[in-house]
>>> print(open('structure_5.txt').read())   # compact mmCIF, C-alpha atoms
# COMPACT_ATOMS: atom_id res chain seq x y z
CA MET K 1 17.09 5.85 -42.95
CA GLY K 2 14.81 7.88 -40.68
CA VAL K 3 14.88 5.09 -38.06
CA ASN K 4 18.69 5.06 -38.09
CA LYS K 5 18.77 8.82 -37.55
CA SER K 6 16.34 8.50 -34.64
CA LEU K 7 18.43 5.75 -33.02
CA HIS K 8 21.57 7.80 -33.55
CA GLY K 9 19.89 10.78 -31.90
CA MET K 10 18.85 8.67 -28.91
CA ALA K 11 22.37 7.28 -28.56
CA SER K 12 23.87 10.78 -28.67
CA ASN K 13 21.55 11.84 -25.80
CA PHE K 14 23.04 9.12 -23.61
CA ASN K 15 26.59 10.06 -24.65
CA HIS K 16 26.39 13.81 -24.13
CA PRO K 17 29.14 15.18 -21.87
CA VAL K 18 28.63 15.37 -18.11
CA GLN K 19 30.96 16.80 -15.49
CA LYS K 20 32.67 14.21 -13.29
CA TYR K 21 31.47 15.86 -10.07
CA ALA K 22 27.89 15.19 -11.26
CA ASN K 23 28.64 11.47 -10.80
CA THR K 24 28.99 11.90 -7.02
CA LEU K 25 26.22 10.99 -4.59
CA PRO K 26 25.13 14.57 -3.68
CA TYR K 27 24.35 15.24 -7.35
CA MET K 28 22.39 11.97 -7.66
CA LEU K 29 19.86 12.75 -4.94
CA GLY K 30 17.37 13.95 -7.56
CA GLY K 31 17.78 10.68 -9.47
CA LEU K 32 17.32 8.68 -6.27
CA THR K 33 14.13 10.64 -5.62
CA LEU K 34 12.98 9.36 -9.01
CA VAL K 35 13.82 5.80 -7.89
CA CYS K 36 11.50 6.27 -4.89
CA LEU K 37 8.81 7.62 -7.19
CA VAL K 38 9.06 4.55 -9.43
CA LEU K 39 8.72 2.28 -6.37
CA LEU K 40 5.66 4.24 -5.26
CA MET K 41 4.04 3.98 -8.67
CA LEU K 42 4.72 0.25 -9.08
CA SER K 43 3.54 -0.67 -5.58
CA GLY K 44 0.57 1.70 -5.92
CA MET K 45 -0.52 0.17 -9.22
CA TYR K 46 -0.39 -3.31 -7.67
CA MET K 47 -2.46 -2.24 -4.66
CA ALA K 48 -4.97 -0.43 -6.88
CA LEU K 49 -5.89 -3.79 -8.44
CA PHE K 50 -7.45 -4.87 -5.14
CA TYR K 51 -8.49 -1.55 -3.55
CA ILE K 52 -12.17 -0.53 -3.61
CA PRO K 53 -12.46 3.29 -3.39
CA THR K 54 -15.72 3.61 -1.48
CA ALA K 55 -16.31 4.73 2.10
CA GLN K 56 -17.94 1.37 2.86
CA GLN K 57 -15.22 -0.88 1.39
CA ALA K 58 -11.97 1.08 1.53
CA TYR K 59 -11.00 -0.35 4.93
CA SER K 60 -12.15 -3.93 4.25
CA SER K 61 -10.37 -4.02 0.88
CA THR K 62 -7.18 -2.88 2.61
CA LEU K 63 -7.53 -5.72 5.10
CA ASN K 64 -8.11 -8.11 2.19
CA LEU K 65 -4.92 -6.83 0.55
CA ILE K 66 -2.96 -7.62 3.72
CA GLU K 67 -4.55 -10.98 4.50
CA ASN K 68 -5.18 -12.62 1.14
CA VAL K 69 -3.28 -10.99 -1.72
CA PRO K 70 0.16 -12.46 -2.53
CA PHE K 71 2.81 -9.91 -1.49
CA GLY K 72 -0.04 -7.50 -0.67
CA GLU K 73 1.19 -6.48 2.75
CA TYR K 74 4.75 -6.21 1.44
CA ALA K 75 3.64 -3.95 -1.42
CA ARG K 76 1.82 -1.75 1.08
CA SER K 77 4.91 -1.63 3.29
CA ILE K 78 7.12 -0.75 0.30
CA HIS K 79 4.67 2.04 -0.52
CA LEU K 80 4.77 3.43 3.02
CA TRP K 81 8.56 3.38 3.35
CA ALA K 82 9.13 4.76 -0.15
CA ALA K 83 6.70 7.59 0.68
CA ASN K 84 8.77 8.44 3.76
CA ILE K 85 12.16 8.07 2.07
CA ILE K 86 11.12 10.22 -0.90
CA ILE K 87 10.48 13.15 1.46
CA VAL K 88 13.95 12.65 2.95
CA MET K 89 15.51 12.49 -0.54
CA ILE K 90 13.71 15.64 -1.64
CA GLY K 91 14.86 17.43 1.51
CA LEU K 92 18.48 16.40 0.93
CA HIS K 93 18.27 17.30 -2.77
CA LEU K 94 16.78 20.69 -1.92
CA ALA K 95 19.55 21.27 0.63
CA ARG K 96 22.18 20.47 -2.01
CA VAL K 97 20.51 22.87 -4.45
CA ILE K 98 20.53 25.66 -1.86
CA ILE K 99 24.09 25.03 -0.68
CA THR K 100 25.47 24.99 -4.24
CA GLY K 101 23.40 27.95 -5.44
CA SER K 102 21.67 25.86 -8.10
CA TYR K 103 18.57 28.08 -7.96
CA LYS K 104 20.34 31.05 -9.57
CA LYS K 105 19.80 32.32 -13.09
CA PRO K 106 19.81 30.56 -15.60
CA ARG K 107 18.27 27.82 -13.41
CA ARG K 108 15.42 29.76 -11.81
CA MET K 109 12.72 28.05 -13.84
CA LEU K 110 14.31 24.67 -13.09
CA TYR K 111 14.14 25.51 -9.38
CA PHE K 112 10.50 26.66 -9.57
CA VAL K 113 9.46 23.47 -11.39
CA GLY K 114 11.29 21.44 -8.72
CA LEU K 115 9.33 23.26 -5.99
CA ALA K 116 6.07 22.51 -7.79
CA MET K 117 7.07 18.82 -7.86
CA PHE K 118 7.92 18.92 -4.14
CA PHE K 119 4.50 20.24 -3.13
CA THR K 120 2.73 17.90 -5.53
CA ILE K 121 4.42 14.98 -3.76
CA LEU K 122 3.47 16.39 -0.35
CA PHE K 123 -0.14 16.64 -1.50
CA LEU K 124 -0.01 13.09 -2.86
CA THR K 125 1.37 11.86 0.47
CA TYR K 126 -1.44 13.51 2.40
CA LEU K 127 -4.12 12.19 0.05
CA GLY K 128 -2.73 8.69 0.50
CA THR K 129 -3.35 8.78 4.25
CA THR K 130 -7.11 9.14 3.71
CA LEU K 131 -7.55 6.07 1.51
CA THR K 132 -7.44 3.29 4.12
CA LEU K 133 -10.04 4.97 6.35
CA ASP K 134 -8.54 3.62 9.52
CA GLN K 135 -8.66 6.22 12.30
CA ILE K 136 -5.81 8.34 11.00
CA GLY K 137 -7.37 8.14 7.54
CA ALA K 138 -10.75 9.28 8.84
CA ASP K 139 -9.16 12.19 10.68
CA ALA K 140 -7.14 13.15 7.60
CA ALA K 141 -10.42 13.16 5.66
CA ILE K 142 -11.86 15.53 8.24
CA ARG K 143 -8.87 17.84 7.71
CA SER K 144 -9.56 17.71 3.96
CA GLN K 145 -13.20 18.62 4.60
CA GLN K 146 -12.14 21.53 6.79
CA THR K 147 -9.85 22.82 4.04
CA ALA K 148 -12.55 22.44 1.37
CA ALA K 149 -15.01 24.31 3.60
CA LEU K 150 -12.70 27.35 3.53
CA PHE K 151 -13.45 27.56 -0.20
CA GLY K 152 -17.18 27.09 0.30
CA LEU K 153 -17.19 23.39 -0.60
CA SER K 154 -19.05 20.76 1.40
CA ILE K 155 -17.90 17.20 0.68
CA PRO K 156 -19.44 14.33 2.70
CA ILE K 157 -16.98 11.61 3.62
CA SER K 158 -19.11 9.13 1.70
CA GLN K 159 -18.28 11.09 -1.47
CA MET K 160 -14.63 11.79 -0.65
CA VAL K 161 -12.82 8.45 -0.95
CA GLY K 162 -13.51 7.95 -4.66
CA PRO K 163 -12.31 11.41 -5.80
CA ASP K 164 -9.31 11.17 -3.45
CA ALA K 165 -8.36 7.82 -5.00
CA VAL K 166 -8.69 9.21 -8.54
CA ALA K 167 -6.61 12.27 -7.64
CA HIS K 168 -3.99 10.14 -5.85
CA THR K 169 -3.62 7.48 -8.54
CA SER K 170 -4.10 9.43 -11.77
CA ILE K 171 -4.67 13.20 -11.83
CA MET K 172 -1.82 14.16 -9.50
CA ILE K 173 0.46 11.50 -10.99
CA VAL K 174 -0.07 12.88 -14.50
CA ALA K 175 0.66 16.39 -13.23
CA LEU K 176 3.80 15.15 -11.47
CA LEU K 177 5.06 13.32 -14.57
CA LEU K 178 4.53 16.43 -16.71
CA LEU K 179 6.52 18.51 -14.24
CA LEU K 180 9.21 15.81 -14.18
CA ALA K 181 9.47 15.88 -17.98
CA ILE K 182 9.91 19.68 -17.94
CA HIS K 183 12.47 19.37 -15.13
CA MET K 184 14.57 16.82 -17.00
CA TYR K 185 14.33 18.82 -20.26
CA LEU K 186 15.64 21.95 -18.52
CA ILE K 187 18.51 20.01 -16.94
CA GLU K 188 19.60 18.74 -20.36
CA LYS K 189 19.37 22.20 -21.94
CA ILE K 190 21.05 24.17 -19.14
CA GLY K 191 23.39 21.55 -17.68
CA ILE K 192 24.38 20.69 -14.12
CA SER K 193 25.14 23.67 -11.90
CA PRO K 194 28.86 24.65 -11.84
CA LYS K 195 31.17 23.05 -9.32
CA VAL K 196 31.35 25.19 -6.21
CA THR K 197 34.66 27.02 -5.94
CA LYS K 198 35.49 30.40 -4.41
CA ASN K 199 35.13 32.25 -7.71
CA ALA K 200 32.50 30.10 -9.44
CA ILE K 201 29.44 31.85 -10.85
CA ALA K 202 26.11 30.51 -12.08
CA ARG K 203 26.09 29.84 -15.83
CA THR K 204 24.99 27.34 -18.48
CA THR K 205 27.17 24.21 -18.48
CA ALA K 206 25.46 22.08 -21.17
CA GLY K 207 28.02 20.30 -23.35
CA GLU K 208 30.80 20.52 -20.75
CA GLY K 209 32.51 17.67 -18.90
CA THR K 210 34.87 14.76 -19.43
CA SER K 211 32.36 12.09 -18.36
CA ASN K 212 29.12 11.19 -20.13
CA PHE K 213 25.47 10.72 -19.29
CA LEU K 214 25.61 6.94 -19.80
CA THR K 215 28.21 6.64 -17.03
CA HIS K 216 25.98 8.83 -14.86
CA LEU K 217 23.03 6.50 -15.49
CA LYS K 218 25.09 3.41 -14.66
CA LEU K 219 26.15 4.88 -11.34
CA LEU K 220 22.58 5.98 -10.63
CA ALA K 221 21.41 2.43 -11.37
CA GLY K 222 23.93 1.11 -8.84
CA PHE K 223 22.86 3.53 -6.11
CA GLY K 224 19.22 2.94 -7.06
CA CYS K 225 19.52 -0.82 -6.61
CA ILE K 226 21.04 -0.34 -3.16
CA LEU K 227 18.37 2.21 -2.18
CA THR K 228 15.61 -0.15 -3.38
CA ALA K 229 17.12 -2.99 -1.35
CA PHE K 230 17.29 -0.69 1.69
CA ILE K 231 13.62 0.32 1.36
CA GLY K 232 12.68 -3.32 0.78
CA THR K 233 14.54 -4.34 3.94
CA LEU K 234 12.75 -1.68 6.00
CA ALA K 235 9.43 -2.88 4.58
CA LEU K 236 10.23 -6.46 5.63
CA ILE K 237 11.49 -5.57 9.11
CA SER K 238 8.79 -2.99 9.87
CA PRO K 239 5.57 -3.66 7.90
CA ALA K 240 3.06 -0.86 7.37
CA PRO K 241 0.64 -0.71 10.32
CA ILE K 242 -3.12 -0.63 10.00
CA GLY K 243 -5.28 1.07 12.60
CA HIS K 244 -8.77 0.30 13.84
CA PRO K 245 -11.65 1.09 11.50
CA GLY K 246 -11.99 4.84 11.45
CA VAL K 247 -14.74 6.58 13.37
CA TYR K 248 -15.91 9.72 11.63
CA ASP K 249 -16.75 12.67 13.87
CA PRO K 250 -15.94 16.17 12.57
CA THR K 251 -16.20 17.63 16.08
CA ILE K 252 -13.36 15.49 17.52
CA MET K 253 -9.85 14.92 16.19
CA ILE K 254 -9.02 11.54 17.69
CA THR K 255 -5.59 11.06 16.11
CA LYS K 256 -2.99 13.35 14.59
CA PRO K 257 -2.85 13.07 10.80
CA VAL K 258 0.50 13.51 9.07
CA GLU K 259 0.66 17.29 9.10
CA ALA K 260 4.22 18.11 10.15
CA ILE K 261 5.39 17.82 6.55
CA LEU K 262 2.87 20.52 5.63
CA PHE K 263 4.03 22.79 8.47
CA VAL K 264 0.69 22.50 10.23
CA ASN K 265 0.18 21.15 13.74
CA ASP K 266 -2.42 21.06 16.48
CA LYS K 267 -1.12 24.22 18.18
CA MET K 268 -1.43 26.22 14.97
CA LEU K 269 -4.94 24.89 14.47
CA ASP K 270 -5.90 25.84 18.04
CA VAL K 271 -4.55 29.38 17.66
CA PHE K 272 -5.31 30.21 14.03
CA GLY K 273 -8.09 27.77 13.22
CA PRO K 274 -8.61 25.88 9.96
CA TYR K 275 -7.01 28.69 7.92
CA SER K 276 -3.61 27.46 9.09
CA LEU K 277 -4.24 24.45 6.83
CA ILE K 278 -3.85 26.94 3.96
CA TRP K 279 -1.27 29.45 5.08
CA GLY K 280 1.02 26.92 6.79
CA PRO K 281 2.02 25.19 3.52
CA ALA K 282 1.70 28.50 1.64
CA LEU K 283 4.22 30.18 3.94
CA LEU K 284 6.69 27.34 3.42
CA PHE K 285 6.25 27.65 -0.35
CA VAL K 286 6.81 31.43 -0.22
CA LEU K 287 9.96 31.04 1.88
CA LEU K 288 11.39 28.56 -0.62
CA LEU K 289 10.48 30.90 -3.48
CA LEU K 290 12.56 33.64 -1.89
CA PHE K 291 15.96 32.10 -2.65
CA PRO K 292 16.23 33.04 -6.35
CA LEU K 293 14.39 36.31 -5.74
CA VAL K 294 16.51 37.76 -2.92
CA ASP K 295 19.85 36.15 -3.83
CA ARG K 296 20.56 37.68 -7.24
CA ASN K 297 24.37 37.84 -7.20
CA PRO K 298 25.89 35.26 -9.59
CA HIS K 299 28.30 33.68 -7.07
CA VAL K 300 27.58 30.12 -5.93
CA TYR K 301 30.20 29.86 -3.16
CA TRP K 302 28.30 29.72 0.13
CA ARG K 303 30.41 32.34 1.94
CA LYS K 304 29.36 34.87 -0.67
CA ARG K 305 25.69 34.04 -0.07
CA ILE K 306 25.36 34.40 3.71
CA PRO K 307 21.74 35.78 3.68
CA ALA K 308 20.58 32.80 1.59
CA MET K 309 22.39 30.39 3.91
CA LEU K 310 20.69 31.96 6.95
CA LEU K 311 17.31 31.64 5.25
CA GLY K 312 18.04 27.96 4.57
CA ILE K 313 19.02 27.38 8.22
CA PHE K 314 15.81 29.09 9.35
CA ILE K 315 13.64 26.87 7.13
CA LEU K 316 15.46 23.74 8.34
CA ALA K 317 15.08 24.75 12.00
CA TRP K 318 11.40 25.50 11.44
CA ALA K 319 10.84 22.12 9.78
CA LEU K 320 12.59 20.22 12.60
CA TYR K 321 10.66 22.21 15.22
CA PHE K 322 7.29 21.35 13.71
CA ILE K 323 8.20 17.69 13.33
CA TYR K 324 9.34 17.61 16.97
CA ILE K 325 6.19 19.37 18.20
CA ASP K 326 3.90 17.00 16.34
CA ALA K 327 5.86 13.94 17.49
CA THR K 328 5.84 14.88 21.18
CA ALA K 329 2.56 16.76 21.67
CA PRO K 330 0.02 15.03 23.93
CA THR K 331 -3.07 13.53 22.40
CA GLN K 332 -6.52 13.50 23.93
CA TYR K 333 -7.22 9.85 23.18
CA SER K 334 -4.79 7.07 23.98
CA GLY K 335 -6.65 3.84 23.33
CA ILE K 336 -9.53 2.20 21.51
CA CYS K 337 -11.78 -0.58 22.68
CA ALA K 338 -14.19 -2.57 20.54
CA THR K 339 -16.14 -3.37 23.73
CA PRO K 340 -16.77 -1.24 26.84
CA PRO K 341 -13.60 -1.09 28.98
CA SER K 342 -13.68 -3.00 32.23
CA ASN K 343 -11.27 -2.50 35.16
CA GLY K 344 -9.11 -0.21 33.03
CA VAL K 345 -8.37 -2.88 30.43
CA CYS K 346 -9.21 -2.77 26.76
CA VAL K 347 -7.71 -3.49 23.35
CA PRO K 348 -5.00 -2.27 23.12
CA ALA K 349 -4.47 -3.02 26.81
CA LEU K 350 -3.64 -0.15 29.10
CA ALA K 351 -0.61 -0.34 31.35
CA GLU K 352 -1.23 -1.65 34.86
CA ASN K 353 -0.77 1.73 36.50
CA GLN K 354 -3.20 3.50 34.17
CA THR K 355 -6.85 4.03 34.92
CA VAL K 356 -9.76 4.99 32.73
CA GLU K 357 -10.65 8.62 33.39
CA ASN K 358 -13.04 9.20 30.53
CA VAL K 359 -14.70 7.11 27.87
CA THR K 360 -16.11 8.63 24.69
CA VAL K 361 -18.50 6.50 22.65
CA LEU K 362 -18.77 7.08 18.91
CA GLU K 363 -20.60 5.07 16.28
CA ASN K 364 -18.43 3.45 13.63
CA GLU K 365 -20.22 3.58 10.28
CA SER K 366 -17.56 1.50 8.52
CA LEU K 367 -18.46 -1.48 10.72
CA GLY K 368 -22.18 -1.08 10.18
CA ALA K 369 -24.93 1.02 11.65
CA GLY K 370 -25.08 0.96 15.42
CA THR K 371 -21.57 -0.44 15.91
CA LYS K 372 -19.75 1.54 18.57
CA MET K 373 -16.09 2.16 19.40
CA TYR K 374 -14.92 3.32 22.84
CA PHE K 375 -12.15 5.92 22.96
CA ILE K 376 -10.26 6.11 26.23
CA SER K 377 -8.82 9.44 27.30
CA ASN K 378 -6.03 9.48 29.89
CA GLY K 379 -4.14 12.66 28.99
CA THR K 380 -0.78 10.97 28.44
CA ALA K 381 1.71 11.81 25.70
CA ALA K 382 1.06 10.30 22.31
CA THR K 383 2.76 7.07 21.31
CA PRO K 384 3.00 5.74 17.74
CA ALA K 385 0.09 3.41 18.46
CA ASP K 386 -1.93 6.34 19.78
CA VAL K 387 -1.30 8.35 16.66
CA TYR K 388 -2.80 5.62 14.53
CA GLY K 389 -5.69 5.12 16.90
CA GLY K 390 -4.23 1.80 18.00
CA PHE K 391 -2.79 -0.85 15.68
CA ILE K 392 -4.56 -4.11 14.95
CA ASP K 393 -2.90 -7.46 14.34
CA VAL K 394 -3.91 -8.74 10.92
CA PRO K 395 -2.72 -12.16 9.68
CA SER K 396 -0.83 -11.86 6.41
CA LYS K 397 0.95 -13.99 3.83
CA THR K 398 4.32 -12.24 4.31
CA GLN K 399 5.84 -14.94 6.53
CA GLY K 400 5.58 -17.54 3.77
CA GLU K 401 6.88 -15.05 1.22
CA THR K 402 9.91 -13.97 3.26
CA PRO K 403 12.47 -16.33 1.61
CA TYR K 404 11.56 -15.01 -1.84
CA ILE K 405 11.70 -11.41 -0.61
CA ILE K 406 15.11 -11.89 1.00
CA ALA K 407 16.47 -13.49 -2.17
CA ALA K 408 15.25 -10.55 -4.26
CA LEU K 409 16.77 -8.04 -1.82
CA VAL K 410 20.14 -9.84 -1.88
CA VAL K 411 20.12 -9.83 -5.69
CA LEU K 412 19.27 -6.11 -5.79
CA ALA K 413 21.93 -5.13 -3.26
CA GLY K 414 24.50 -7.37 -4.97
CA ALA K 415 23.67 -5.88 -8.38
CA GLY K 416 24.14 -2.38 -6.99
CA VAL K 417 27.51 -3.22 -5.48
CA VAL K 418 28.69 -4.90 -8.70
CA ILE K 419 27.64 -1.92 -10.85
CA LEU K 420 29.38 0.60 -8.60
CA ALA K 421 32.50 -1.56 -8.18
CA SER K 422 32.84 -2.30 -11.88
CA ASP K 423 32.50 1.36 -12.78
CA ARG K 424 35.12 2.32 -10.20
CA LEU K 425 37.50 -0.35 -11.55
CA LYS K 426 37.06 0.92 -15.09
CA ARG K 427 37.84 4.47 -14.04
CA MET K 428 40.97 3.32 -12.21
CA TYR K 429 42.48 1.99 -15.46
CA ARG K 430 41.46 4.86 -17.76
>>> encode(input="structure_5.txt", output="structure tokens")
Amino acid sequence: MGVNKSLHGMASNFNHPVQKYANTLPYMLGGLTLVCLVLLMLSGMYMALFYIPTAQQAYSSTLNLIENVPFGEYARSIHLWAANIIIVMIGLHLARVIITGSYKKPRRMLYFVGLAMFFTILFLTYLGTTLTLDQIGADAAIRSQQTAALFGLSIPISQMVGPDAVAHTSIMIVALLLLLAIHMYLIEKIGISPKVTKNAIARTTAGEGTSNFLTHLKLLAGFGCILTAFIGTLALISPAPIGHPGVYDPTIMITKPVEAILFVNDKMLDVFGPYSLIWGPALLFVLLLLFPLVDRNPHVYWRKRIPAMLLGIFILAWALYFIYIDATAPTQYSGICATPPSNGVCVPALAENQTVENVTVLENESLGAGTKMYFISNGTAATPADVYGGFIDVPSKTQGETPYIIAALVVLAGAGVVILASDRLKRMYR
């Protein structure tokens, strides 16, 4: 009897009313963010089976994943692209929330929990860059050390990889899942934000609507299949790169770690020093907190919330500016050689019209004591290869796996189209 009641309660949760406008794509961006998170967790768990979280073996175990593990390089590529797409999805979801006034009372706590999830994912993304310990990973580790030093902590790189891996694969994931559970609970209790009309005001909408949550889930499954196929296609076309083994030198930043998403860049670090690693993200967080605090009128129509809209435009412009600055700023080092450069040629090869102006020699501990890497400075603008300290060509098993991958992607995309088409056909005859 108790089991029947429990099953009935679960069924009623899937059949609770939902507004029809909630079944449109803009209102599914949060659900698609969850799809990206699932992809990240599944691919991350697979990679964790073969990853060795030590400073001595992090890089070599990553190479082993690419070269020898079935679908290893593809899993790593899925992880990279899902990590990029999830930031895009969060940005679009946040924009929808701001445009529709979904941060207003009674949804303030829902908004604050969403912000906490956003910054948890940003932190997870940054931690992930340190784990391979290629050059960008080594430099990201240096940034982490600089941040820790501001709080009086001294963490050698030899002791950093293990804790970073634990935080990235368990502690932060548990925190994120707890926040997600609270977020979903609040959505069910408060309901989707009201449809934006000229006279609409923020209010609780739970129990309203002529559609139902099961239909919402079906549509989300359709869009999710298509998004997964899209990410899988990107991973196949453009596999995740791997740089040269990282050289650790806290006095020199050879590459540019992924900092634009944290609103930190080299210019800020030059002007304000390491403290910008703290107040850059903190300022972004404070600006996003301002929406429900300064926009207290109940109206959700955008023309009645001009100050909030201007604040949103400012944050967007600031984000795009920092991304542009980091993408186009010159870098000091533009190439890496495993052997001393000769006649201006090294690996990766310099263009014919380039000459070697300066060579910096640093020891590479990850390749063994006494092994040296030669960093060539020519003062040119950074290229993608420069940012990663130069890519290396690693043989992988992906070519032999491609037919199976393409078949899976076709099935996923086809399933998504069928789900969306069948639901649309059903609604046409209701």
>>> atom_distance(input="structure_5.txt", atom1="CA of Gln145 (chain K)", atom2="CA of Pro250 (chain K)")
8.8 Å
>>> atom_distance(input="structure_5.txt", atom1="CA of Pro106 (chain K)", atom2="CA of Lys198 (chain K)")
19.3 Å
>>> closest_residue(input="structure_5.txt", among="K:Ala175, K:Val264, K:Gly207, K:Asn199", to="Trp279 (chain K)", atoms="only C-alpha atoms")
K:Val264
>>> axis_aligned_box(input="structure_5.txt", around="region 287-296 of chain K", padding_each_side="5 Å", output="JSON")
{"center_x": 15.3, "center_y": 33.2, "center_z": -2.7, "size_x": 20.6, "size_y": 19.2, "size_z": 19.1}
